[in-house]
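As structure tokens, the structure follows; a few thoughts come after it.
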Amino acid sequence: MVFSQEIGGAWSIMEDALLCECWVQISHDPISGNEMKFSQMWKKILHEFVERSGSTRTESALSSRWKLLKKELGKWRDALTKAMNNHASEENLSDEIVQAQMWYGATGQGKKNFNHTQCWEVVKHCKRFSIIPMAPTLVLNKTPFHDSQASDSPMESPMSEDSPIEKELRPIGRKAAKAKRGCNSTSNTSKFLEEITRQSALRIEIDKKVQEDDRAMAIEFAKEKEYVRKENEEKKDRETMAMDTSHMSPETKQYWKLERKAIMRRRLFRDDGPIQTDWLNDENP
């Protein structure tokens, strides 16, 4: 595998994926990975990267690129985690990747979508980027933990049904709190997705307006370019028609005579057809 990238050039998708592979291979080495110093690690990563790609990139270039990739991959991990938890809670059963892209777009600082899929496939099993799903919700049994009518514990004494001290109805309270939290969570998720939809629609309108402005600018540029071309052509024709050929050789005079005839034919041609130009075929000077 050889990449023909100049020093300081744009990083390709294959280079990013190879950089991630080298990082995983060196930093997660079972023998020396944990004991390696930072500078030694990047020297080895550079050696591996250059050996596999033939690239001329420097150690600092690889380190700087990894910082950017690490940041984007971390955001994508967080977005996937939120999408998976949202899907697991059955609050929204839409595709997890679609949800993750929406979460990423909302926190991507101008970036709409996550475009480092190949890098993610390389690093997703590393501890730094592993996704920790939300623990399943515990459902309490309707039967109290101490449901026996007669307790064997000597610390407990029977209470009269008329006692002013009532037992705490914990299951009911917990169910109510859980229902309230679930309602709030659903409402917050709906509001968040609605805001993302609104922002996406606004972004589409902005992009559409930018495209229309670019198209109008391109049309104006084409008109200006055509105007300049015609002006230059007019100037050249005027210079040709006004050229003094009295001091030129017969061959040169004949050349400029033909040039002038070509100009006249072009000037006398109209959109509704050429006018009579037979007189231009007269060979007399």
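Chain identifiers are assigned as A, B, and so on, following the order in which chains appear in the structure tokens; residues are numbered from 1 within each chain, and ligands are numbered from 1 in order of appearance.
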
So that I can see what lies close to A:Lys43, please list as a ChimeraX atom specification the residues with an atom at most 12 Å from it, counting only C-alpha atoms and leaving out residues fewer than 2 positions away in the same chain.
/A:22-23,26-27,36-41,45-50,58-63

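Distance check against A:Ile204 using only C-alpha atoms: of A:Ala79, A:Lys112, A:Arg238, A:Phe192, the minimum falls on A:Lys112.
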
What lies within 10 Å of A:Met102 using only C-alpha atoms, ignoring chain neighbours under 6 positions off, as a PyMOL selection string?
chain A and resi 79+83+96+108+112-114+193+196-197+200

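When the distance limit is 12 Å and only C-alpha atoms are what count, the residues near stretch 225-235 of chain A, minus those fewer than 5 positions from it on the same chain, are Ala218, Ile219, Glu220, Thr240, Met241, Ala242, Ile263, Arg266 and Arg267 of chain A.
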
Give me the residues near A:Tyr255 as JSON, numbers by chain, where near means some atom within 12 Å (using only C-alpha atoms) and where sequence neighbours in that chain fewer than 6 positions away do not count.
{"A": [240, 245, 248, 249, 261, 262]}
